[in-house]
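structure_33.cif, holding mmCIF, C-alpha atoms:
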```cif
data_entry
loop_
_atom_site.label_atom_id
_atom_site.label_comp_id
_atom_site.auth_asym_id
_atom_site.auth_seq_id
_atom_site.Cartn_x
_atom_site.Cartn_y
_atom_site.Cartn_z
CA MET A 1 -4.95 -1.12 4.58
CA GLN A 2 -2.93 -4.31 4.46
CA LYS A 3 -0.47 -3.20 7.13
CA TYR A 4 -2.85 -1.55 9.57
CA ILE A 5 -5.97 -3.67 9.08
CA LEU A 6 -5.48 -7.06 7.50
CA ASP A 7 -2.07 -7.80 8.98
CA GLU A 8 -3.26 -6.75 12.43
CA VAL A 9 -6.83 -8.02 12.61
CA ASN A 10 -6.50 -11.77 12.41
CA ASP A 11 -10.19 -12.57 12.51
CA PRO A 12 -12.03 -14.52 9.83
CA ARG A 13 -15.23 -12.64 10.66
CA LEU A 14 -13.86 -9.61 8.82
CA LYS A 15 -14.65 -9.47 5.11
CA VAL A 16 -13.27 -6.81 2.79
CA TYR A 17 -14.59 -5.82 -0.63
CA ALA A 18 -12.24 -3.67 -2.65
CA VAL A 19 -14.02 -2.01 -5.54
CA TRP A 20 -11.52 -0.49 -7.96
CA GLY A 21 -13.02 2.02 -10.33
CA PRO A 22 -12.60 5.09 -12.53
CA MET A 23 -12.33 7.65 -9.76
CA LEU A 24 -9.81 9.74 -11.70
CA GLY A 25 -11.23 8.90 -15.12
CA ASP A 26 -8.48 7.03 -16.95
CA GLU A 27 -8.06 3.92 -14.80
CA LYS A 28 -8.18 0.54 -16.52
CA ALA A 29 -8.96 -3.02 -15.52
CA GLU A 30 -5.27 -3.92 -15.60
CA ASP A 31 -4.57 -1.16 -13.10
CA ALA A 32 -6.92 -2.94 -10.72
CA THR A 33 -5.01 -6.19 -11.13
CA THR A 34 -1.80 -4.39 -10.23
CA ALA A 35 -3.39 -2.62 -7.28
CA THR A 36 -4.52 -5.87 -5.67
CA ALA A 37 -0.92 -6.34 -4.52
CA PHE A 38 -1.64 -3.71 -1.87
CA LEU A 39 -4.50 -5.78 -0.47
CA HIS A 40 -3.70 -9.45 -0.56
CA ASP A 41 -5.65 -11.45 1.93
CA SER A 42 -8.02 -14.39 1.69
CA ARG A 43 -10.72 -12.28 3.36
CA SER A 44 -10.62 -9.76 0.52
CA THR A 45 -12.73 -9.82 -2.62
CA HIS A 46 -11.71 -7.56 -5.50
CA PHE A 47 -13.93 -6.02 -8.12
CA TRP A 48 -13.21 -3.79 -11.08
CA THR A 49 -15.91 -1.57 -12.50
CA PRO A 50 -15.66 0.92 -15.34
CA PHE A 51 -18.83 2.60 -14.04
CA HIS A 52 -19.50 5.19 -11.35
CA ALA A 53 -22.78 3.52 -10.40
CA VAL A 54 -21.41 1.82 -7.31
CA ALA A 55 -19.94 5.08 -6.04
CA LYS A 56 -23.34 6.65 -6.53
CA LEU A 57 -25.05 3.83 -4.64
CA PHE A 58 -22.83 4.30 -1.58
CA GLN A 59 -23.00 8.10 -1.69
CA GLY A 60 -26.16 8.49 0.39
CA PRO A 61 -25.33 5.90 3.05
CA ALA A 62 -21.92 7.54 3.52
CA GLY A 63 -23.56 10.90 4.12
CA LEU A 64 -22.12 12.52 1.03
CA PRO A 65 -23.92 15.26 -0.88
CA GLU A 66 -25.54 14.60 -4.28
CA ASP A 67 -22.60 15.94 -6.25
CA GLU A 68 -19.93 13.90 -4.51
CA LEU A 69 -19.41 10.25 -5.42
CA ALA A 70 -18.26 7.80 -2.77
CA TRP A 71 -14.86 7.04 -4.33
CA ASP A 72 -12.12 7.10 -1.72
CA THR A 73 -14.42 6.10 1.09
CA PHE A 74 -14.02 3.19 3.49
CA GLN A 75 -17.39 2.01 4.78
CA LEU A 76 -17.70 -0.41 7.66
CA PHE A 77 -20.85 -2.46 8.19
CA SER A 78 -22.14 -4.38 11.17
CA PRO A 79 -22.87 -8.10 10.93
CA ALA A 80 -26.60 -7.38 10.84
CA ALA A 81 -26.42 -5.01 7.89
CA GLU A 82 -28.31 -6.18 4.82
CA TRP A 83 -28.29 -4.70 1.33
CA GLY A 84 -31.88 -4.45 0.17
CA LYS A 85 -32.92 -2.01 -2.52
CA THR A 86 -30.00 0.19 -1.55
CA PRO A 87 -26.82 -0.42 0.43
CA PRO A 88 -27.37 -0.26 4.20
CA GLN A 89 -26.21 2.49 6.49
CA PRO A 90 -22.56 1.93 7.43
CA ALA A 91 -21.60 1.72 11.07
CA TYR A 92 -18.58 3.89 10.38
CA VAL A 93 -17.14 5.77 7.40
CA MET A 94 -13.63 6.99 6.72
CA HIS A 95 -12.60 9.02 3.70
CA VAL A 96 -9.84 10.77 1.82
CA GLU A 97 -10.45 14.42 0.97
CA LYS A 98 -14.25 14.25 1.12
CA SER A 99 -16.72 16.75 2.52
CA LEU A 100 -17.15 14.56 5.57
CA PRO A 101 -15.91 15.30 9.10
CA LYS A 102 -12.15 15.72 9.35
CA ASP A 103 -11.96 13.29 12.24
CA GLN A 104 -13.12 10.60 9.81
CA ARG A 105 -10.22 11.08 7.44
CA LEU A 106 -8.55 7.77 6.71
CA ASN A 107 -6.39 6.61 9.56
CA GLY A 108 -5.41 2.96 9.69
CA ASN A 109 -5.20 2.81 13.46
CA LYS A 110 -8.56 4.47 13.95
CA LEU A 111 -10.26 2.25 11.40
CA ARG A 112 -8.76 -0.83 13.00
CA GLY A 113 -10.15 0.31 16.35
CA GLN A 114 -13.62 0.57 14.87
CA ILE A 115 -13.34 -2.86 13.28
CA GLU A 116 -12.14 -4.44 16.50
CA ALA A 117 -14.95 -2.77 18.43
CA LEU A 118 -17.52 -4.22 16.04
CA LEU A 119 -15.90 -7.63 16.17
CA SER A 120 -15.85 -7.58 19.96
CA THR A 121 -19.61 -7.20 20.07
CA THR A 122 -20.10 -9.93 17.50
CA GLY A 123 -20.49 -13.63 18.18
CA SER A 124 -18.88 -16.24 16.00
CA ALA A 125 -19.89 -16.02 12.35
CA SER A 126 -21.95 -19.18 12.65
CA GLN A 127 -24.10 -17.56 15.32
CA GLN A 128 -25.05 -14.65 13.12
CA SER A 129 -28.31 -14.57 11.25
CA SER A 130 -28.49 -13.30 7.72
CA ASP A 131 -32.26 -13.00 7.80
CA MET B 1 11.30 -10.57 -24.26
CA MET B 2 13.20 -9.41 -21.22
CA SER B 3 11.62 -6.36 -19.60
CA ARG B 4 13.60 -3.48 -18.15
CA MET B 5 12.64 -4.75 -14.70
CA ASP B 6 13.95 -8.26 -15.48
CA LEU B 7 17.17 -6.74 -16.78
CA TRP B 8 17.71 -4.71 -13.64
CA ARG B 9 16.83 -7.64 -11.47
CA GLY B 10 19.37 -9.76 -13.29
CA ILE B 11 22.11 -7.16 -13.08
CA ALA B 12 21.40 -6.55 -9.43
CA MET B 13 21.59 -10.23 -8.57
CA LEU B 14 24.88 -10.65 -10.43
CA LEU B 15 26.40 -7.66 -8.71
CA PHE B 16 25.20 -8.58 -5.27
CA ALA B 17 25.93 -12.27 -5.33
CA GLY B 18 29.73 -12.05 -5.27
CA PHE B 19 30.00 -9.59 -2.45
CA VAL B 20 27.83 -10.94 0.30
CA THR B 21 30.63 -12.94 1.85
CA GLN B 22 33.22 -10.19 1.55
CA SER B 23 31.13 -7.50 3.21
CA ALA B 24 29.77 -9.75 5.94
CA ALA B 25 33.04 -9.40 7.83
CA ALA B 26 32.66 -5.66 8.39
CA ASP B 27 32.26 -4.46 11.99
CA GLU B 28 30.01 -1.48 11.30
CA PRO B 29 26.33 -2.14 10.78
CA ARG B 30 26.05 -3.02 7.12
CA PHE B 31 23.89 -1.27 4.58
CA GLU B 32 24.24 -4.14 2.14
CA GLY B 33 21.06 -6.10 2.23
CA LEU B 34 17.43 -6.32 1.28
CA TRP B 35 15.30 -3.81 3.19
CA SER B 36 11.60 -3.11 3.36
CA GLY B 37 9.79 -0.16 4.89
CA ALA B 38 7.89 2.98 4.08
CA ILE B 39 8.05 6.69 3.49
CA VAL B 40 5.74 8.04 6.17
CA PHE B 41 4.04 11.23 5.05
CA LYS B 42 1.52 10.84 7.86
CA ALA B 43 1.60 7.76 10.06
CA ALA B 44 -1.34 5.41 9.49
CA GLU B 45 -2.77 7.84 6.95
CA LEU B 46 -0.37 8.29 4.09
CA GLU B 47 2.52 5.88 3.83
CA PHE B 48 4.29 4.62 0.71
CA GLU B 49 5.90 1.20 0.83
CA ILE B 50 9.48 0.97 -0.35
CA THR B 51 11.92 -1.88 -0.84
CA VAL B 52 15.63 -1.12 -1.08
CA GLU B 53 18.30 -3.60 -2.09
CA VAL B 54 21.96 -2.67 -1.73
CA GLY B 55 25.08 -4.61 -2.63
CA ARG B 56 28.53 -3.96 -4.04
CA ASP B 57 29.64 -4.03 -7.63
CA PRO B 58 32.86 -5.77 -8.76
CA GLN B 59 34.80 -2.59 -7.94
CA GLY B 60 33.50 -2.70 -4.39
CA GLU B 61 31.23 0.32 -4.82
CA LEU B 62 27.82 0.30 -3.22
CA VAL B 63 25.00 -0.07 -5.74
CA GLY B 64 21.32 -0.66 -5.33
CA THR B 65 17.73 -0.47 -6.42
CA ILE B 66 14.53 0.86 -4.93
CA ASP B 67 10.93 -0.28 -5.39
CA GLN B 68 8.05 2.07 -4.74
CA PRO B 69 4.98 0.17 -5.95
CA ALA B 70 2.61 3.11 -5.54
CA GLU B 71 4.71 4.97 -8.10
CA ARG B 72 5.04 1.88 -10.31
CA MET B 73 8.76 1.83 -9.59
CA ILE B 74 10.30 -1.63 -9.50
CA PHE B 75 14.08 -2.17 -9.40
CA HIS B 76 14.63 1.51 -10.03
CA PRO B 77 18.38 2.13 -9.87
CA LEU B 78 19.90 4.08 -7.03
CA GLU B 79 22.35 6.64 -8.39
CA TYR B 80 24.20 7.43 -5.22
CA VAL B 81 24.72 5.05 -2.32
CA ARG B 82 27.09 5.96 0.49
CA THR B 83 27.76 4.97 4.07
CA GLU B 84 29.78 6.72 6.72
CA GLY B 85 29.75 4.78 9.92
CA LYS B 86 26.10 4.22 10.70
CA LYS B 87 24.97 7.02 8.41
CA VAL B 88 23.58 6.00 5.02
CA THR B 89 22.68 8.15 2.05
CA PHE B 90 21.04 6.99 -1.13
CA GLU B 91 19.35 8.70 -4.00
CA PHE B 92 17.34 7.99 -7.11
CA LEU B 93 16.42 10.16 -10.08
CA LYS B 94 12.88 10.47 -11.34
CA ASN B 95 10.89 12.87 -13.44
CA SER B 96 8.83 15.07 -11.19
CA GLU B 97 5.94 17.38 -12.06
CA SER B 98 7.07 19.92 -9.50
CA ARG B 99 10.82 19.44 -9.75
CA GLY B 100 11.38 18.70 -13.44
CA PRO B 101 13.10 15.84 -15.26
CA ASN B 102 15.53 13.55 -13.46
CA ALA B 103 14.93 15.19 -10.11
CA PRO B 104 17.01 13.69 -7.28
CA PHE B 105 15.20 12.08 -4.37
CA THR B 106 17.66 11.76 -1.53
CA PHE B 107 17.31 9.62 1.59
CA ILE B 108 19.51 10.16 4.62
CA GLY B 109 19.31 7.74 7.52
CA GLU B 110 21.07 5.88 10.27
CA ILE B 111 21.43 2.15 10.76
CA SER B 112 20.49 0.87 14.20
CA GLU B 113 23.12 -0.70 16.48
CA ASN B 114 21.88 -4.19 15.71
CA GLY B 115 21.88 -3.46 11.98
CA GLN B 116 18.23 -4.42 11.57
CA ARG B 117 16.59 -1.03 11.04
CA ILE B 118 17.27 2.27 9.32
CA GLU B 119 15.46 5.46 10.24
CA GLY B 120 15.87 8.77 8.52
CA HIS B 121 14.26 11.22 6.19
CA LEU B 122 13.62 11.83 2.53
CA VAL B 123 14.87 15.29 1.65
CA GLU B 124 12.01 17.29 0.18
CA HIS B 125 11.93 20.94 -0.76
CA ARG B 126 8.82 21.45 1.37
CA GLY B 127 10.34 19.69 4.38
CA ASN B 128 11.87 16.35 5.23
CA ILE B 129 9.68 13.26 5.27
CA PRO B 130 10.47 10.38 7.64
CA PHE B 131 11.20 6.92 6.32
CA TYR B 132 12.17 3.61 7.85
CA LEU B 133 13.55 0.35 6.54
CA GLU B 134 13.75 -3.06 8.19
CA ARG B 135 16.25 -5.67 7.11
CA LEU B 136 14.72 -8.62 5.33
CA GLY B 137 17.97 -10.37 4.48
CA GLU B 138 21.12 -10.28 2.44
CA PRO B 139 21.24 -8.69 -1.00
CA GLY B 140 19.83 -11.13 -3.50
CA SER B 141 17.54 -12.72 -0.92
CA GLU B 142 14.24 -14.05 -2.06
CA ARG B 143 11.70 -11.27 -2.00
CA ARG B 144 8.26 -11.52 -0.50
CA THR B 145 5.86 -12.11 -3.32
CA VAL B 146 2.12 -12.44 -3.35
CA ASP B 147 -0.11 -14.11 -5.87
CA ALA B 148 -2.30 -11.48 -7.45
CA PRO B 149 -5.84 -12.00 -6.16
CA GLN B 150 -8.65 -12.54 -8.64
CA VAL B 151 -10.48 -9.41 -9.76
CA ASP B 152 -14.14 -9.87 -10.66
CA ASP B 153 -16.04 -7.58 -13.00
CA LEU B 154 -18.65 -5.43 -11.35
CA THR B 155 -21.51 -4.49 -13.65
CA GLU B 156 -23.39 -1.22 -13.55
CA SER B 157 -26.09 -2.73 -11.32
CA SER B 158 -23.43 -3.66 -8.72
CA GLU B 159 -25.35 -6.90 -8.26
CA GLU B 160 -22.15 -8.94 -7.84
CA LEU B 161 -21.11 -6.83 -4.87
CA LYS B 162 -24.59 -6.94 -3.39
CA THR B 163 -24.62 -10.74 -3.58
CA ALA B 164 -21.20 -11.08 -1.96
CA PHE B 165 -22.12 -8.57 0.72
CA ASN B 166 -25.36 -10.31 1.64
CA ASP B 167 -23.78 -13.78 1.45
CA ASP B 168 -21.33 -12.63 4.12
CA ALA B 169 -24.03 -11.38 6.48
CA GLY B 170 -23.09 -12.14 10.06
CA ASN B 171 -19.57 -10.83 9.51
CA VAL B 172 -18.11 -7.38 9.90
CA ARG B 173 -17.81 -6.04 6.35
CA LEU B 174 -15.64 -3.29 4.98
CA VAL B 175 -16.35 -1.81 1.55
CA LEU B 176 -13.53 0.15 -0.07
CA LEU B 177 -14.23 2.29 -3.13
CA LEU B 178 -10.86 3.12 -4.61
CA SER B 179 -8.88 4.21 -7.62
CA PRO B 180 -6.29 1.62 -8.62
CA THR B 181 -3.82 4.29 -9.73
#
```

Target encoding structure tokens, full file:
Amino acid sequence: MQKYILDEVNDPRLKVYAVWGPMLGDEKAEDATTATAFLHDSRSTHFWTPFHAVAKLFQGPAGLPEDELAWDTFQLFSPAAEWGKTPPQPAYVMHVEKSLPKDQRLNGNKLRGQIEALLSTTGSASQQSSD
Amino acid sequence: MMSRMDLWRGIAMLLFAGFVTQSAAADEPRFEGLWSGAIVFKAAELEFEITVEVGRDPQGELVGTIDQPAERMIFHPLEYVRTEGKKVTFEFLKNSESRGPNAPFTFIGEISENGQRIEGHLVEHRGNIPFYLERLGEPGSERRTVDAPQVDDLTESSEELKTAFNDDAGNVRLVLLLSPT
């Protein structure tokens, strides 16, 4: 992610939220602190959660079935997206080993292309409305 | 208390420091140095960062360490470091679920003409895996370090993420849901 996205896309209008959680079951908060070394950029915000709730929240928008949490997904949102009662529909989703289309398996180059395409259709951050 | 990593770091620096000048005179591309790169299981999909540092001990033998952060390996000693012309071979031992205790992981590569890059493969029983390294500097050089970013607690409601997400409206936003291990 750092090498293919953050090192390559030098645009302050990209914001990244890394949510580290108990996908495998025995992860701890200190593991998250260590893992941040893989994603060090001022545009990144890191969270640690011991709960699966966030992975449940993003399950539907990602197009995952009821029994599959959204851990190991990478969800891209347009500037207009707003989180109301539930997270909004992502503009693009990539995943690792999920029951989603194979052509959406995580690929740094492909994800960067999607990010750059969204950025190219976006004005400067100050021109965007958050209403 | 000095950790095992600190100990190795200290030993490595002592060993490397005295031999930089001596080996700099060699004509062949030199393996001695600080290198950074990746083992590329699948380009842009599954890559593991590695850092390799190679110097010479007081007997003139090549020695080194390897870092593989994804495997929590920092300053892990290389057991076998050889060069033959441009060809380099190095190896480390590590317990492996599939290969048993102290399994050897062997890298074979070739240094580029300008001495700035090594390309080769990690020998695996299911097939070789490409790797590359790019020279960062001499052995003992200052390593790239990053300050660990702040990690905020996310409660069960995920309200903290929702607030950050909506505060950044107008930007392209990428949400990653990951295991830290």

Mind running chain A against chain B at 8 Å and telling me each contacting residue's nearest atom pair with the distance in Å (one decimal), counting only C-alpha atoms, chain and number ascending, as CSV?
```
residue,atom,partner,partner_atom,distance
A:Tyr4,CA,B:Ala44,CA,7.1
A:Arg13,CA,B:Asn171,CA,4.8
A:Leu14,CA,B:Val172,CA,4.9
A:Lys15,CA,B:Arg173,CA,4.8
A:Val16,CA,B:Leu174,CA,4.8
A:Tyr17,CA,B:Val175,CA,4.9
A:Ala18,CA,B:Leu176,CA,4.8
A:Val19,CA,B:Leu177,CA,4.9
A:Trp20,CA,B:Leu178,CA,5.0
A:Gly21,CA,B:Ser179,CA,5.4
A:Pro22,CA,B:Ser179,CA,6.2
A:Met23,CA,B:Ser179,CA,5.3
A:Leu24,CA,B:Ser179,CA,6.9
A:Glu27,CA,B:Thr181,CA,6.6
A:Asp31,CA,B:Pro180,CA,5.5
A:Ala32,CA,B:Pro180,CA,5.1
A:Thr33,CA,B:Val151,CA,6.5
A:Thr34,CA,B:Ala148,CA,7.6
A:Ala35,CA,B:Pro180,CA,5.3
A:Thr36,CA,B:Pro149,CA,6.3
A:Ala37,CA,B:Ala148,CA,6.1
A:His40,CA,B:Pro149,CA,6.5
A:Thr45,CA,B:Val151,CA,7.5
A:His46,CA,B:Val151,CA,4.8
A:Phe47,CA,B:Asp152,CA,4.6
A:Trp48,CA,B:Asp153,CA,5.1
A:Thr49,CA,B:Leu154,CA,4.9
A:Phe51,CA,B:Glu156,CA,6.0
A:His52,CA,B:Glu156,CA,7.8
A:Ala53,CA,B:Glu156,CA,5.7
A:Val54,CA,B:Ser158,CA,6.0
A:Ala55,CA,B:Leu177,CA,7.0
A:Ala70,CA,B:Leu177,CA,6.8
A:Trp71,CA,B:Leu177,CA,4.9
A:Asp72,CA,B:Leu178,CA,5.1
A:Thr73,CA,B:Leu177,CA,5.7
A:Phe74,CA,B:Leu176,CA,4.7
A:Gln75,CA,B:Val175,CA,5.1
A:Leu76,CA,B:Leu174,CA,4.4
A:Phe77,CA,B:Arg173,CA,5.0
A:Ser78,CA,B:Val172,CA,5.2
A:Pro79,CA,B:Gly170,CA,4.1
A:Ala80,CA,B:Gly170,CA,6.0
A:Ala81,CA,B:Ala169,CA,6.9
A:Glu82,CA,B:Asn166,CA,6.0
A:Trp83,CA,B:Asn166,CA,6.3
A:Pro87,CA,B:Lys162,CA,7.9
A:Leu106,CA,B:Glu45,CA,5.8
A:Asn107,CA,B:Glu45,CA,4.6
A:Gly108,CA,B:Ala44,CA,4.8
A:Asn109,CA,B:Ala44,CA,6.1
A:Ile115,CA,B:Val172,CA,7.4
A:Leu118,CA,B:Val172,CA,6.9
A:Leu119,CA,B:Val172,CA,6.7
A:Ala125,CA,B:Gly170,CA,5.5
A:Ser126,CA,B:Gly170,CA,7.6
A:Gln127,CA,B:Gly170,CA,7.6
A:Gln128,CA,B:Gly170,CA,4.4
A:Ser129,CA,B:Gly170,CA,5.9
A:Ser130,CA,B:Ala169,CA,5.0
```

Check: So which residues get picked by the PyMOL selection byres ((chain A and resi 104) around 7) here, written as a PyMOL selection string?
Finding: chain A and resi 93-95+101-103+105-106

Next item on the list: Given the file shown, determine the residues that the PyMOL selection byres ((chain B and resi 66) around 12) selects; report them as a PyMOL selection string.
Entry: chain B and resi 5+8-9+12+33-38+49-54+63-65+67-69+71-81+90-94+105-107+133

Output for the residues just chosen: C-alpha atoms as an mmCIF file, keeping the file's coordinate frame:
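Written output follows (result-v2.cif):
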```
data_model
loop_
_atom_site.group_PDB
_atom_site.id
_atom_site.type_symbol
_atom_site.label_atom_id
_atom_site.label_comp_id
_atom_site.auth_asym_id
_atom_site.auth_seq_id
_atom_site.Cartn_x
_atom_site.Cartn_y
_atom_site.Cartn_z
ATOM 1 C CA MET B 5 12.640 -4.750 -14.700
ATOM 2 C CA TRP B 8 17.710 -4.710 -13.640
ATOM 3 C CA ARG B 9 16.830 -7.640 -11.470
ATOM 4 C CA ALA B 12 21.400 -6.550 -9.430
ATOM 5 C CA GLY B 33 21.060 -6.100 2.230
ATOM 6 C CA LEU B 34 17.430 -6.320 1.280
ATOM 7 C CA TRP B 35 15.300 -3.810 3.190
ATOM 8 C CA SER B 36 11.600 -3.110 3.360
ATOM 9 C CA GLY B 37 9.790 -0.160 4.890
ATOM 10 C CA ALA B 38 7.890 2.980 4.080
ATOM 11 C CA GLU B 49 5.900 1.200 0.830
ATOM 12 C CA ILE B 50 9.480 0.970 -0.350
ATOM 13 C CA THR B 51 11.920 -1.880 -0.840
ATOM 14 C CA VAL B 52 15.630 -1.120 -1.080
ATOM 15 C CA GLU B 53 18.300 -3.600 -2.090
ATOM 16 C CA VAL B 54 21.960 -2.670 -1.730
ATOM 17 C CA VAL B 63 25.000 -0.070 -5.740
ATOM 18 C CA GLY B 64 21.320 -0.660 -5.330
ATOM 19 C CA THR B 65 17.730 -0.470 -6.420
ATOM 20 C CA ASP B 67 10.930 -0.280 -5.390
ATOM 21 C CA GLN B 68 8.050 2.070 -4.740
ATOM 22 C CA PRO B 69 4.980 0.170 -5.950
ATOM 23 C CA GLU B 71 4.710 4.970 -8.100
ATOM 24 C CA ARG B 72 5.040 1.880 -10.310
ATOM 25 C CA MET B 73 8.760 1.830 -9.590
ATOM 26 C CA ILE B 74 10.300 -1.630 -9.500
ATOM 27 C CA PHE B 75 14.080 -2.170 -9.400
ATOM 28 C CA HIS B 76 14.630 1.510 -10.030
ATOM 29 C CA PRO B 77 18.380 2.130 -9.870
ATOM 30 C CA LEU B 78 19.900 4.080 -7.030
ATOM 31 C CA GLU B 79 22.350 6.640 -8.390
ATOM 32 C CA TYR B 80 24.200 7.430 -5.220
ATOM 33 C CA VAL B 81 24.720 5.050 -2.320
ATOM 34 C CA PHE B 90 21.040 6.990 -1.130
ATOM 35 C CA GLU B 91 19.350 8.700 -4.000
ATOM 36 C CA PHE B 92 17.340 7.990 -7.110
ATOM 37 C CA LEU B 93 16.420 10.160 -10.080
ATOM 38 C CA LYS B 94 12.880 10.470 -11.340
ATOM 39 C CA PHE B 105 15.200 12.080 -4.370
ATOM 40 C CA THR B 106 17.660 11.760 -1.530
ATOM 41 C CA PHE B 107 17.310 9.620 1.590
ATOM 42 C CA LEU B 133 13.550 0.350 6.540
#
```

Next item on the list: Enter the distance from CA of Ala91 in chain A to CA of Ser44 in chain A, in Å, rounded to one decimal.
Entry: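 It comes out at 19.1 Å.
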
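Between CA of Gly60 in chain B and CA of Phe131 in chain B the separation is 26.5 Å.
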
Checklist line | From A:Tyr92, A:Thr86, A:Asp41, A:Leu69, residue lying nearest Glu8 in chain A [only C-alpha atoms] | finding: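 Among A:Tyr92, A:Thr86, A:Asp41, A:Leu69, it is A:Asp41 that comes nearest to Glu8 in chain A.
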
May I have the residues within 10 Å of Glu116 in chain A as a tab-separated table (two decimals) with C-alpha atoms, in the coordinates of the input, using all atoms listed in the file and disregarding those fewer than 2 positions away in the same chain?
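What ended up in around-v3.tsv:
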```
chain	number	residue	atom	x	y	z
A	5	ILE	CA	-5.97	-3.67	9.08
A	9	VAL	CA	-6.83	-8.02	12.61
A	11	ASP	CA	-10.19	-12.57	12.51
A	14	LEU	CA	-13.86	-9.61	8.82
A	110	LYS	CA	-8.56	4.47	13.95
A	111	LEU	CA	-10.26	2.25	11.40
A	112	ARG	CA	-8.76	-0.83	13.00
A	113	GLY	CA	-10.15	0.31	16.35
A	114	GLN	CA	-13.62	0.57	14.87
A	118	LEU	CA	-17.52	-4.22	16.04
A	119	LEU	CA	-15.90	-7.63	16.17
A	120	SER	CA	-15.85	-7.58	19.96
A	121	THR	CA	-19.61	-7.20	20.07
A	122	THR	CA	-20.10	-9.93	17.50
B	172	VAL	CA	-18.11	-7.38	9.90
```

Could you add the missing atoms to range 96-108 of chain A, up to N, CA, C and O atoms, and return them as a short mmCIF file (atom, residue, chain, number, x, y, z; two decimals), keeping the file's coordinate frame?
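Below is the file that was written, rebuild-v8.cif:
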```
data_model
loop_
_atom_site.label_atom_id
_atom_site.label_comp_id
_atom_site.auth_asym_id
_atom_site.auth_seq_id
_atom_site.Cartn_x
_atom_site.Cartn_y
_atom_site.Cartn_z
N VAL A 96 -11.01 9.98 2.20
CA VAL A 96 -9.84 10.77 1.82
C VAL A 96 -10.35 12.00 1.08
O VAL A 96 -10.98 11.87 0.02
N GLU A 97 -10.14 13.15 1.64
CA GLU A 97 -10.45 14.42 0.97
C GLU A 97 -11.92 14.54 0.57
O GLU A 97 -12.23 15.01 -0.54
N LYS A 98 -12.82 14.10 1.41
CA LYS A 98 -14.25 14.25 1.12
C LYS A 98 -14.84 15.33 2.02
O LYS A 98 -14.22 15.74 3.01
N SER A 99 -16.07 15.73 1.69
CA SER A 99 -16.72 16.75 2.52
C SER A 99 -17.42 16.08 3.71
O SER A 99 -18.60 16.32 3.96
N LEU A 100 -16.68 15.24 4.36
CA LEU A 100 -17.15 14.56 5.57
C LEU A 100 -16.28 15.06 6.73
O LEU A 100 -15.25 15.70 6.50
N PRO A 101 -16.69 14.78 7.97
CA PRO A 101 -15.91 15.30 9.10
C PRO A 101 -14.41 14.95 9.02
O PRO A 101 -14.05 13.84 8.62
N LYS A 102 -13.60 15.92 9.42
CA LYS A 102 -12.15 15.72 9.35
C LYS A 102 -11.68 14.59 10.24
O LYS A 102 -10.69 13.92 9.95
N ASP A 103 -12.40 14.36 11.33
CA ASP A 103 -11.96 13.29 12.24
C ASP A 103 -12.28 11.90 11.66
O ASP A 103 -11.96 10.90 12.28
N GLN A 104 -12.89 11.87 10.48
CA GLN A 104 -13.12 10.60 9.81
C GLN A 104 -12.19 10.42 8.60
O GLN A 104 -12.39 9.53 7.79
N ARG A 105 -11.21 11.29 8.50
CA ARG A 105 -10.22 11.08 7.44
C ARG A 105 -9.49 9.77 7.69
O ARG A 105 -9.24 9.40 8.83
N LEU A 106 -9.13 9.11 6.60
CA LEU A 106 -8.55 7.77 6.71
C LEU A 106 -7.36 7.75 7.66
O LEU A 106 -6.40 8.49 7.49
N ASN A 107 -7.48 6.87 8.64
CA ASN A 107 -6.39 6.61 9.56
C ASN A 107 -6.45 5.13 9.89
O ASN A 107 -7.46 4.65 10.42
N GLY A 108 -5.41 4.41 9.53
CA GLY A 108 -5.41 2.96 9.69
C GLY A 108 -5.64 2.51 11.12
O GLY A 108 -6.36 1.55 11.37
#
```
